[in-house]
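Below is the file coords_7.cif, which contains mmCIF, C-alpha atoms and all ligand atoms.
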```cif
data_data
loop_
_atom_site.group_PDB
_atom_site.id
_atom_site.type_symbol
_atom_site.label_atom_id
_atom_site.label_comp_id
_atom_site.auth_asym_id
_atom_site.auth_seq_id
_atom_site.Cartn_x
_atom_site.Cartn_y
_atom_site.Cartn_z
ATOM 1 C CA LEU A 1 143.514 84.978 192.304
ATOM 2 C CA LYS A 2 144.779 81.849 190.574
ATOM 3 C CA GLN A 3 148.290 81.541 189.226
ATOM 4 C CA ILE A 4 149.991 79.439 186.570
ATOM 5 C CA LEU A 5 153.735 79.569 187.166
ATOM 6 C CA ILE A 6 155.881 78.325 184.274
ATOM 7 C CA ALA A 7 159.622 77.668 184.479
ATOM 8 C CA ARG A 8 161.199 80.029 181.935
ATOM 9 C CA SER A 9 163.485 77.313 180.535
ATOM 10 C CA ALA A 10 160.625 74.799 180.122
ATOM 11 C CA GLY A 11 160.703 73.019 176.771
ATOM 12 C CA PHE A 12 163.168 72.874 173.883
ATOM 13 C CA CYS A 13 166.807 73.546 174.632
ATOM 14 C CA PHE A 14 169.101 75.218 172.104
ATOM 15 C CA GLY A 15 170.295 71.897 170.615
ATOM 16 C CA VAL A 16 166.807 70.484 170.117
ATOM 17 C CA LYS A 17 165.469 73.770 168.680
ATOM 18 C CA ARG A 18 168.337 73.735 166.214
ATOM 19 C CA ALA A 19 167.778 70.069 165.259
ATOM 20 C CA ILE A 20 164.057 70.664 164.645
ATOM 21 C CA ALA A 21 164.813 73.767 162.579
ATOM 22 C CA ILE A 22 167.311 71.777 160.479
ATOM 23 C CA ALA A 23 164.755 68.959 160.051
ATOM 24 C CA ASN A 24 161.976 71.352 159.028
ATOM 25 C CA GLU A 25 164.246 73.060 156.542
ATOM 26 C CA THR A 26 165.298 69.694 155.096
ATOM 27 C CA ALA A 27 161.644 68.627 154.795
ATOM 28 C CA SER A 28 160.560 71.813 153.064
ATOM 29 C CA ARG A 29 163.511 71.642 150.697
ATOM 30 C CA GLY A 30 162.552 67.993 150.028
ATOM 31 C CA SER A 31 159.030 68.944 149.011
ATOM 32 C CA ALA A 32 160.351 71.825 146.893
ATOM 33 C CA ASP A 33 162.479 69.214 145.060
ATOM 34 C CA GLY A 34 159.372 67.142 144.539
ATOM 35 C CA ALA A 35 160.816 64.383 146.692
ATOM 36 C CA SER A 36 158.170 64.395 149.374
ATOM 37 C CA GLY A 37 155.674 61.567 149.145
ATOM 38 C CA CYS A 38 157.642 59.815 146.392
ATOM 39 C CA GLY A 39 159.448 57.316 148.537
ATOM 40 C CA PRO A 40 161.801 56.829 151.412
ATOM 41 C CA GLU A 41 163.665 60.109 150.993
ATOM 42 C CA ILE A 42 164.240 61.601 154.443
ATOM 43 C CA ARG A 43 164.989 59.514 157.497
ATOM 44 C CA SER A 44 166.023 60.360 161.021
ATOM 45 C CA LEU A 45 168.377 57.975 162.732
ATOM 46 C CA GLY A 46 166.363 57.320 165.894
ATOM 47 C CA PRO A 47 163.565 59.712 166.913
ATOM 48 C CA LEU A 48 164.761 63.289 166.424
ATOM 49 C CA ILE A 49 163.516 64.152 169.880
ATOM 50 C CA HIS A 50 162.060 62.056 172.687
ATOM 51 C CA ASN A 51 158.518 63.263 172.258
ATOM 52 C CA PRO A 52 155.958 61.122 170.410
ATOM 53 C CA GLN A 53 153.682 64.066 169.555
ATOM 54 C CA ALA A 54 156.534 66.040 167.979
ATOM 55 C CA VAL A 55 157.820 62.971 166.113
ATOM 56 C CA GLU A 56 154.304 62.505 164.687
ATOM 57 C CA GLU A 57 154.336 66.102 163.418
ATOM 58 C CA LEU A 58 157.690 65.474 161.727
ATOM 59 C CA GLU A 59 156.347 62.284 160.157
ATOM 60 C CA LYS A 60 153.538 64.281 158.583
ATOM 61 C CA LYS A 61 156.258 66.375 156.950
ATOM 62 C CA GLY A 62 157.849 63.246 155.484
ATOM 63 C CA ILE A 63 160.586 62.544 158.044
ATOM 64 C CA ARG A 64 160.441 58.906 159.100
ATOM 65 C CA VAL A 65 162.328 57.323 161.953
ATOM 66 C CA VAL A 66 164.676 54.398 161.361
ATOM 67 C CA GLU A 67 166.398 52.572 164.179
ATOM 68 C CA SER A 68 169.621 51.631 162.418
ATOM 69 C CA VAL A 69 171.730 52.506 159.379
ATOM 70 C CA GLU A 70 170.950 49.056 157.887
ATOM 71 C CA GLU A 71 167.409 50.305 157.176
ATOM 72 C CA VAL A 72 168.674 53.179 155.032
ATOM 73 C CA GLU A 73 169.279 52.845 151.295
ATOM 74 C CA GLY A 74 169.976 56.236 149.790
ATOM 75 C CA GLY A 75 168.169 59.534 150.304
ATOM 76 C CA LYS A 76 168.935 61.766 153.257
ATOM 77 C CA VAL A 77 169.489 60.959 156.908
ATOM 78 C CA ILE A 78 169.160 63.550 159.633
ATOM 79 C CA VAL A 79 171.516 62.990 162.566
ATOM 80 C CA ARG A 80 169.782 64.071 165.771
ATOM 81 C CA SER A 81 171.225 66.250 168.538
ATOM 82 C CA HIS A 82 172.702 63.197 170.373
ATOM 83 C CA GLY A 83 175.122 62.647 167.473
ATOM 84 C CA ILE A 84 176.108 59.555 165.534
ATOM 85 C CA THR A 85 178.826 56.936 166.002
ATOM 86 C CA ARG A 86 181.849 57.010 163.764
ATOM 87 C CA SER A 87 181.014 53.575 162.315
ATOM 88 C CA ASP A 88 177.396 54.560 161.528
ATOM 89 C CA ARG A 89 178.676 57.661 159.754
ATOM 90 C CA ALA A 90 181.112 55.553 157.728
ATOM 91 C CA ALA A 91 178.338 53.070 156.848
ATOM 92 C CA LEU A 92 176.091 55.887 155.577
ATOM 93 C CA ASP A 93 178.969 57.419 153.610
ATOM 94 C CA ALA A 94 179.641 54.033 152.006
ATOM 95 C CA LYS A 95 175.989 53.889 150.890
ATOM 96 C CA LYS A 96 176.261 57.443 149.496
ATOM 97 C CA VAL A 97 173.502 58.614 151.813
ATOM 98 C CA LYS A 98 173.430 62.380 152.291
ATOM 99 C CA ILE A 99 173.992 63.131 155.978
ATOM 100 C CA ILE A 100 172.247 66.172 157.419
ATOM 101 C CA ASP A 101 174.101 66.651 160.685
ATOM 102 C CA ALA A 102 172.046 68.174 163.507
ATOM 103 C CA THR A 103 174.402 67.027 166.278
ATOM 104 C CA CYS A 104 174.272 69.598 169.077
ATOM 105 C CA PRO A 105 177.500 71.642 169.105
ATOM 106 C CA PHE A 106 177.896 70.814 172.817
ATOM 107 C CA VAL A 107 177.846 67.090 172.004
ATOM 108 C CA ASN A 108 180.360 67.731 169.207
ATOM 109 C CA LYS A 109 182.613 69.318 171.794
ATOM 110 C CA ALA A 110 182.454 66.255 174.080
ATOM 111 C CA GLN A 111 183.226 63.992 171.082
ATOM 112 C CA GLU A 112 186.162 66.190 170.104
ATOM 113 C CA HIS A 113 187.631 66.271 173.646
ATOM 114 C CA ALA A 114 187.346 62.465 173.870
ATOM 115 C CA ARG A 115 189.096 62.069 170.512
ATOM 116 C CA GLN A 116 191.833 64.560 171.396
ATOM 117 C CA LEU A 117 192.512 63.012 174.826
ATOM 118 C CA SER A 118 192.835 59.546 173.331
ATOM 119 C CA ALA A 119 195.177 60.874 170.622
ATOM 120 C CA GLU A 120 197.357 62.349 173.387
ATOM 121 C CA GLY A 121 197.639 59.011 175.186
ATOM 122 C CA TYR A 122 195.083 59.520 177.946
ATOM 123 C CA ALA A 123 192.780 56.701 178.995
ATOM 124 C CA VAL A 124 189.330 58.214 178.564
ATOM 125 C CA VAL A 125 186.697 58.321 181.282
ATOM 126 C CA VAL A 126 183.201 58.950 179.949
ATOM 127 C CA VAL A 127 180.779 59.841 182.733
ATOM 128 C CA GLY A 128 177.295 58.903 181.606
ATOM 129 C CA ASP A 129 174.853 56.177 180.736
ATOM 130 C CA ALA A 130 176.857 53.779 178.576
ATOM 131 C CA ASN A 131 173.718 52.694 176.682
ATOM 132 C CA HIS A 132 172.678 56.224 175.755
ATOM 133 C CA PRO A 133 173.193 57.106 172.063
ATOM 134 C CA GLU A 134 175.085 60.268 172.996
ATOM 135 C CA VAL A 135 177.583 58.300 175.101
ATOM 136 C CA LYS A 136 177.927 55.693 172.359
ATOM 137 C CA SER A 137 178.723 58.466 169.897
ATOM 138 C CA ILE A 138 181.284 60.072 172.252
ATOM 139 C CA ILE A 139 182.972 56.696 172.855
ATOM 140 C CA SER A 140 183.161 55.973 169.130
ATOM 141 C CA TYR A 141 185.513 58.939 168.633
ATOM 142 C CA ILE A 142 188.095 57.506 171.037
ATOM 143 C CA GLU A 143 191.101 56.133 169.125
ATOM 144 C CA PRO A 144 191.218 52.321 168.898
ATOM 145 C CA GLY A 145 193.186 50.550 171.629
ATOM 146 C CA VAL A 146 192.807 53.330 174.215
ATOM 147 C CA PRO A 147 191.287 52.210 177.555
ATOM 148 C CA ILE A 148 187.740 53.497 178.065
ATOM 149 C CA LEU A 149 186.358 53.742 181.598
ATOM 150 C CA THR A 150 182.656 54.346 182.210
ATOM 151 C CA SER A 151 182.110 53.274 185.829
ATOM 152 C CA LEU A 152 183.547 54.112 189.238
ATOM 153 C CA ALA A 153 184.407 50.442 189.739
ATOM 154 C CA GLY A 154 186.253 50.479 186.409
ATOM 155 C CA LEU A 155 188.271 53.502 187.581
ATOM 156 C CA ARG A 156 189.207 51.842 190.860
ATOM 157 C CA GLU A 157 190.254 48.611 189.168
ATOM 158 C CA ALA A 158 192.137 50.076 186.178
ATOM 159 C CA SER A 159 195.729 48.900 186.117
ATOM 160 C CA GLY A 160 198.637 50.069 183.997
ATOM 161 C CA VAL A 161 196.985 53.472 183.472
ATOM 162 C CA ARG A 162 198.945 56.601 184.471
ATOM 163 C CA LYS A 163 196.950 59.429 182.992
ATOM 164 C CA VAL A 164 193.225 59.769 182.447
ATOM 165 C CA GLY A 165 191.073 62.393 180.740
ATOM 166 C CA ILE A 166 187.476 62.864 181.813
ATOM 167 C CA VAL A 167 184.480 63.998 179.755
ATOM 168 C CA ALA A 168 180.798 63.785 180.654
ATOM 169 C CA GLN A 169 177.536 63.124 178.847
ATOM 170 C CA THR A 170 176.023 66.597 178.459
ATOM 171 C CA THR A 171 173.020 65.800 180.687
ATOM 172 C CA GLN A 172 174.977 64.421 183.681
ATOM 173 C CA SER A 173 174.737 66.078 187.076
ATOM 174 C CA PHE A 174 177.712 68.032 188.348
ATOM 175 C CA GLU A 175 177.744 65.874 191.507
ATOM 176 C CA ASN A 176 178.167 62.694 189.473
ATOM 177 C CA LEU A 177 181.015 64.193 187.442
ATOM 178 C CA MET A 178 182.714 65.279 190.684
ATOM 179 C CA GLN A 179 182.472 61.760 192.074
ATOM 180 C CA PHE A 180 184.431 60.452 189.089
ATOM 181 C CA VAL A 181 186.964 63.288 189.375
ATOM 182 C CA SER A 182 187.515 62.558 193.043
ATOM 183 C CA VAL A 183 188.030 58.796 192.532
ATOM 184 C CA ALA A 184 190.336 59.481 189.550
ATOM 185 C CA LEU A 185 192.497 61.884 191.585
ATOM 186 C CA ARG A 186 192.987 59.181 194.226
ATOM 187 C CA HIS A 187 194.034 56.554 191.676
ATOM 188 C CA PHE A 188 196.044 58.252 188.938
ATOM 189 C CA PRO A 189 198.986 60.685 188.997
ATOM 190 C CA GLU A 190 197.571 62.783 186.136
ATOM 191 C CA VAL A 191 193.926 63.706 185.590
ATOM 192 C CA ARG A 192 192.522 66.110 182.996
ATOM 193 C CA VAL A 193 188.886 67.107 183.188
ATOM 194 C CA PHE A 194 186.644 68.703 180.585
ATOM 195 C CA ASN A 195 183.354 69.823 182.027
ATOM 196 C CA THR A 196 181.107 69.021 179.072
ATOM 197 C CA ILE A 197 177.869 69.218 181.062
ATOM 198 C CA CYS A 198 175.347 71.443 179.303
ATOM 199 C CA ASN A 199 173.944 74.330 181.338
ATOM 200 C CA ALA A 200 170.486 73.976 179.808
ATOM 201 C CA THR A 201 169.832 70.885 181.915
ATOM 202 C CA VAL A 202 171.104 72.367 185.168
ATOM 203 C CA LEU A 203 169.197 75.602 184.634
ATOM 204 C CA ARG A 204 165.947 73.780 183.819
ATOM 205 C CA GLN A 205 166.311 71.586 186.904
ATOM 206 C CA LYS A 206 167.011 74.572 189.171
ATOM 207 C CA GLU A 207 164.046 76.562 187.880
ATOM 208 C CA SER A 208 161.734 73.565 187.959
ATOM 209 C CA THR A 209 162.453 72.686 191.579
ATOM 210 C CA ALA A 210 161.988 76.341 192.539
ATOM 211 C CA VAL A 211 158.595 76.354 190.782
ATOM 212 C CA ALA A 212 157.638 73.016 192.389
ATOM 213 C CA GLY A 213 158.392 74.551 195.787
ATOM 214 C CA LYS A 214 155.996 77.446 195.161
ATOM 215 C CA ALA A 215 153.157 75.480 193.552
ATOM 216 C CA ASP A 216 150.247 73.564 195.109
ATOM 217 C CA VAL A 217 150.402 71.110 192.241
ATOM 218 C CA MET A 218 153.213 70.620 189.738
ATOM 219 C CA VAL A 219 152.863 69.447 186.125
ATOM 220 C CA VAL A 220 155.893 68.103 184.253
ATOM 221 C CA LEU A 221 155.264 67.808 180.504
ATOM 222 C CA GLY A 222 157.256 65.501 178.276
ATOM 223 C CA GLY A 223 157.716 62.093 176.693
ATOM 224 C CA TYR A 224 157.648 59.065 178.990
ATOM 225 C CA ASN A 225 160.703 57.906 177.002
ATOM 226 C CA SER A 226 162.590 61.153 177.665
ATOM 227 C CA ALA A 227 165.245 60.603 180.327
ATOM 228 C CA ASN A 228 165.616 64.295 181.109
ATOM 229 C CA THR A 229 161.844 64.723 181.555
ATOM 230 C CA ARG A 230 161.646 61.706 183.863
ATOM 231 C CA ARG A 231 164.516 63.118 185.905
ATOM 232 C CA LEU A 232 162.715 66.485 186.107
ATOM 233 C CA ALA A 233 159.580 64.744 187.395
ATOM 234 C CA GLU A 234 161.660 62.886 189.974
ATOM 235 C CA ILE A 235 163.329 65.958 191.427
ATOM 236 C CA CYS A 236 160.087 67.963 191.369
ATOM 237 C CA ARG A 237 158.309 65.123 193.200
ATOM 238 C CA GLU A 238 160.951 65.233 195.946
ATOM 239 C CA ILE A 239 159.998 68.880 196.556
ATOM 240 C CA ASN A 240 156.301 68.578 195.781
ATOM 241 C CA PRO A 241 154.583 65.176 196.145
ATOM 242 C CA ARG A 242 151.644 66.473 194.050
ATOM 243 C CA THR A 243 153.695 66.223 190.857
ATOM 244 C CA HIS A 244 152.154 64.821 187.665
ATOM 245 C CA HIS A 245 154.318 63.705 184.741
ATOM 246 C CA VAL A 246 152.176 63.613 181.577
ATOM 247 C CA GLU A 247 152.834 63.797 177.841
ATOM 248 C CA THR A 248 149.835 66.044 177.151
ATOM 249 C CA ALA A 249 147.300 68.015 179.194
ATOM 250 C CA ASP A 250 144.515 65.532 178.277
ATOM 251 C CA GLU A 251 146.145 62.878 180.450
ATOM 252 C CA LEU A 252 145.751 64.863 183.672
ATOM 253 C CA PRO A 253 143.181 63.431 186.065
ATOM 254 C CA GLY A 254 139.918 65.431 186.264
ATOM 255 C CA GLY A 255 140.345 66.594 189.861
ATOM 256 C CA PHE A 256 143.973 67.627 189.692
ATOM 257 C CA LEU A 257 143.144 71.291 190.397
ATOM 258 C CA GLU A 258 141.148 70.554 193.553
ATOM 259 C CA GLY A 259 142.099 72.990 196.316
ATOM 260 C CA VAL A 260 144.821 74.488 194.112
ATOM 261 C CA SER A 261 145.554 78.182 193.682
ATOM 262 C CA THR A 262 149.001 77.900 192.053
ATOM 263 C CA VAL A 263 149.871 75.371 189.324
ATOM 264 C CA GLY A 264 153.560 74.967 188.539
ATOM 265 C CA VAL A 265 154.533 73.963 185.018
ATOM 266 C CA THR A 266 157.752 72.723 183.524
ATOM 267 C CA ALA A 267 158.689 70.636 180.500
ATOM 268 C CA GLY A 268 161.600 68.513 179.318
ATOM 269 C CA ALA A 269 164.122 69.565 176.679
ATOM 270 C CA SER A 270 162.179 67.737 173.971
ATOM 271 C CA THR A 271 158.694 69.075 174.710
ATOM 272 C CA PRO A 272 157.308 71.419 172.029
ATOM 273 C CA GLN A 273 155.879 74.800 173.003
ATOM 274 C CA TRP A 274 152.371 73.913 171.756
ATOM 275 C CA ILE A 275 152.100 71.174 174.380
ATOM 276 C CA ILE A 276 152.806 73.738 177.102
ATOM 277 C CA GLU A 277 150.270 76.122 175.544
ATOM 278 C CA ALA A 278 147.629 73.373 175.408
ATOM 279 C CA LEU A 279 148.088 72.763 179.139
ATOM 280 C CA VAL A 280 147.665 76.464 179.925
ATOM 281 C CA ALA A 281 144.497 76.476 177.764
ATOM 282 C CA ARG A 282 143.115 73.427 179.625
ATOM 283 C CA ILE A 283 143.768 75.007 183.033
ATOM 284 C CA ARG A 284 142.138 78.262 181.871
ATOM 285 C CA GLY A 285 139.106 76.227 180.803
ATOM 286 C CA MET A 286 138.880 74.493 184.181
ATOM 287 C CA TRP A 287 139.283 77.790 186.022
ATOM 288 C CA ALA A 288 136.735 79.614 183.856
ATOM 289 C CA GLY A 289 135.327 82.637 185.718
ATOM 290 C CA GLU A 290 138.390 82.969 187.977
ATOM 291 C CA GLU A 291 140.980 85.702 187.765
ATOM 292 C CA ILE A 292 144.151 83.990 186.425
ATOM 293 C CA ARG A 293 147.712 85.240 186.223
ATOM 294 C CA VAL A 294 150.298 83.445 184.074
ATOM 295 C CA ASP A 295 153.873 84.100 185.216
ATOM 296 C CA LEU A 296 157.269 82.920 184.053
ATOM 297 C CA TYR A 297 159.625 81.913 186.826
ATOM 298 C CA GLN A 298 163.238 82.918 186.249
HETATM 299 S S1 LIG B 1 170.581 69.516 176.438
HETATM 300 FE FE1 LIG B 1 172.340 70.804 175.920
HETATM 301 S S2 LIG B 1 173.756 69.402 174.899
HETATM 302 FE FE2 LIG B 1 171.777 68.394 174.894
HETATM 303 S S3 LIG B 1 170.874 68.985 172.937
HETATM 304 FE FE3 LIG B 1 170.177 70.457 174.468
HETATM 305 S S4 LIG B 1 171.620 72.174 174.301
HETATM 306 FE FE4 LIG B 1 172.562 70.383 173.313
#
```
Written form, C-alpha cells:
Amino acid sequence: LKQILIARSAGFCFGVKRAIAIANETASRGSADGASGCGPEIRSLGPLIHNPQAVEELEKKGIRVVESVEEVEGGKVIVRSHGITRSDRAALDAKKVKIIDATCPFVNKAQEHARQLSAEGYAVVVVGDANHPEVKSIISYIEPGVPILTSLAGLREASGVRKVGIVAQTTQSFENLMQFVSVALRHFPEVRVFNTICNATVLRQKESTAVAGKADVMVVLGGYNSANTRRLAEICREINPRTHHVETADELPGGFLEGVSTVGVTAGASTPQWIIEALVARIRGMWAGEEIRVDLYQ
C-alpha cells in the first residue's frame, strides 16, 4: 500500500483566500462594466500572492502587478493581504484611484495596535523583517516622532525610553517574539505586548513537520519567492532530509519516488489548491497499478 499524506492546512490561509476572492470579484465586476481589456484598469500593488502560477492566472483575468504607486494613474488598485503604507494610500487617494482593500484583518489588527500604542506614548517595537511589505505597512501607522525599534540591538541601546509596546509581523515565530519580550523586560520599566502572530502559520508549520516525520519523502509546494514556503521547506528538511521544495509537480526529479511508500505533502500560504491536486495526480500516474491511499494529516 502506498500513501500520500497531505497536511490539512496546506495551501491558502484565510487572508490569502479572502484576497483572491476579492480580486476575482473585482475582475468579474470589471468585465461586467466593460472595462476589461480596454486599458490599465485593475492593478495590484505588488503580486497579490507570492506564487507565480497564481499571479499568471490573475493576469489572465486582467489584474496586472505594479511595483509602486507611481505606476498607477487612475482605475482600481487592489491592496494585497500584507497591507499598504499610509503614504502609499494617501498617494493613491490624491490620484483619485479607487482602492480595493484586501488587507488581511489580522494585519489590520497589528497596524491598529501599533498606531494606538504610539498615540499613547509608547515607543513601538515591531518584531519582524524590516524590509517586508507587511512590516513597512505596520510601521507606517506609528505616529510621527515616536521611536521605532526593530532589532534586539536597538532595544538594548535605546536611551530615554521608559515604556515600550510590542507587536509582531503576523508570520513571526513565537520564540522570536519572546526573545524581544524578554530583552524589553530587562531594559524598560513598562512593557505592553500584543501577540499579533497569526495561528495559520504556526498550525501549518506544526502539521508539516509532523507529516515530514512520517514520510519517506517530503514535497513542499510553493513560490521560490514566498518566505513562508521557504521556511516550511527549511523546517521540514531538518526533520526529513529528503525534502523537495518545488513550485509545481513538473519540477520534481524523475526518481524522487524511488524506494518510497509514503509521500508527505505540504504547501505555503500562497499555493493554490490546483497545484496540490496536480502533484497528487502526478504521483498517482507514477504509482499506476499500486494501491494508493490519500490521507489528510490533522
Ligand atoms: S498568514 Fe495569517 S495574517 Fe497572513 S494573510 Fe494569512 S491569515 Fe492573514
Check every protein, DNA and RNA residue against ligand LIG 1 (chain B), keep those with an atom at most 6 Å away (counting only C-alpha atoms and all ligand atoms), and present them as a list in words.
Cys13, Phe14, Gly15, Val16, Ser81, Cys104, Phe106, Val107, Thr170, Cys198, Ala200 and Thr201 of chain A
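Minimum atom-to-atom distances from A:Arg282, A:Pro272, A:Asp295, A:Ile142 to Leu257 (chain A) were compared using all atoms listed in the file, and the lowest value belongs to A:Arg282.
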Residues selected by the PyMOL selection byres (((chain A and resi 115) around 12) and not hetatm), written as a PyMOL selection string:
chain A and resi 86+108-114+116-126+137-144+146+148+165-167
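CA of Phe12 (chain A) sits 14.4 Å away from CA of Ala102 (chain A).
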Counting all atoms listed in the file, the residue among A:Pro253, A:Gly154, A:Gly145, A:Gly11 that lies closest to Trp274 (chain A) is A:Gly11
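The closest residue to Lys61 (chain A), picked from A:Gly268, A:Gly289, A:Gly30, A:Gly223 and counting all atoms listed in the file, is A:Gly30.
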Edge lengths and centre, in Å to one decimal, as JSON: that's what I need for the box along x, y and z that holds all listed atoms of region 60-71 of chain A plus 5 Å on each side.
```
{"center_x": 162.6, "center_y": 57.7, "center_z": 159.8, "size_x": 28.2, "size_y": 27.3, "size_z": 18.7}
```
Please work out which residues fall within 12 Å of (198.7, 51.1, 183.4), coordinates as given in the file, with only C-alpha atoms counting, and return them as an NGL selection string.
:A and (121-123 or 146-147 or 155 or 157-164 or 187-189)
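Atom pair CA of Ala94 (chain A) / CA of Ile78 (chain A) has a distance of 16.1 Å (rounded to one decimal).
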Evaluate the PyMOL selection byres (((chain A and resi 219) around 6) and not hetatm) here and jot the selected residues down as a count of residues only.
5
Which residues come within 9 Å of Lys76 (chain A), counting only C-alpha atoms, excluding same-chain residues fewer than 4 positions away, as a compact mmCIF listing (two decimals) with C-alpha atoms, in the coordinates of the input?
```
# COMPACT_ATOMS: atom_id res chain seq x y z
CA THR A 26 165.30 69.69 155.10
CA PRO A 40 161.80 56.83 151.41
CA GLU A 41 163.66 60.11 150.99
CA ILE A 42 164.24 61.60 154.44
CA ARG A 43 164.99 59.51 157.50
CA SER A 44 166.02 60.36 161.02
CA VAL A 72 168.67 53.18 155.03
CA VAL A 97 173.50 58.61 151.81
CA LYS A 98 173.43 62.38 152.29
CA ILE A 99 173.99 63.13 155.98
CA ILE A 100 172.25 66.17 157.42
```
Find, counting all atoms listed in the file, the residue in A:Thr171, A:Ser9, A:Thr103, A:Asn24 that gets nearest to Ile84 (chain A).
A:Thr103
Assuming the chain letters and numbering stay as they are in my file, what does the PyMOL selection byres (((chain A and resi 233) around 8) and not hetatm) actually select? List them as a count of residues only.
12
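Nearest to Ala91 (chain A) of all the residues A:Ser68, A:Ser151, A:Gln172, A:Gln273 is A:Ser68, based on all atoms listed in the file.
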Tell me which of A:Arg192, A:Arg18, A:Arg89, A:His132 sits closest to Ala227 (chain A), counting only C-alpha atoms.
A:His132
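The spacing separating CA of Val211 (chain A) from CA of Ser261 (chain A) amounts to 13.5 Å.
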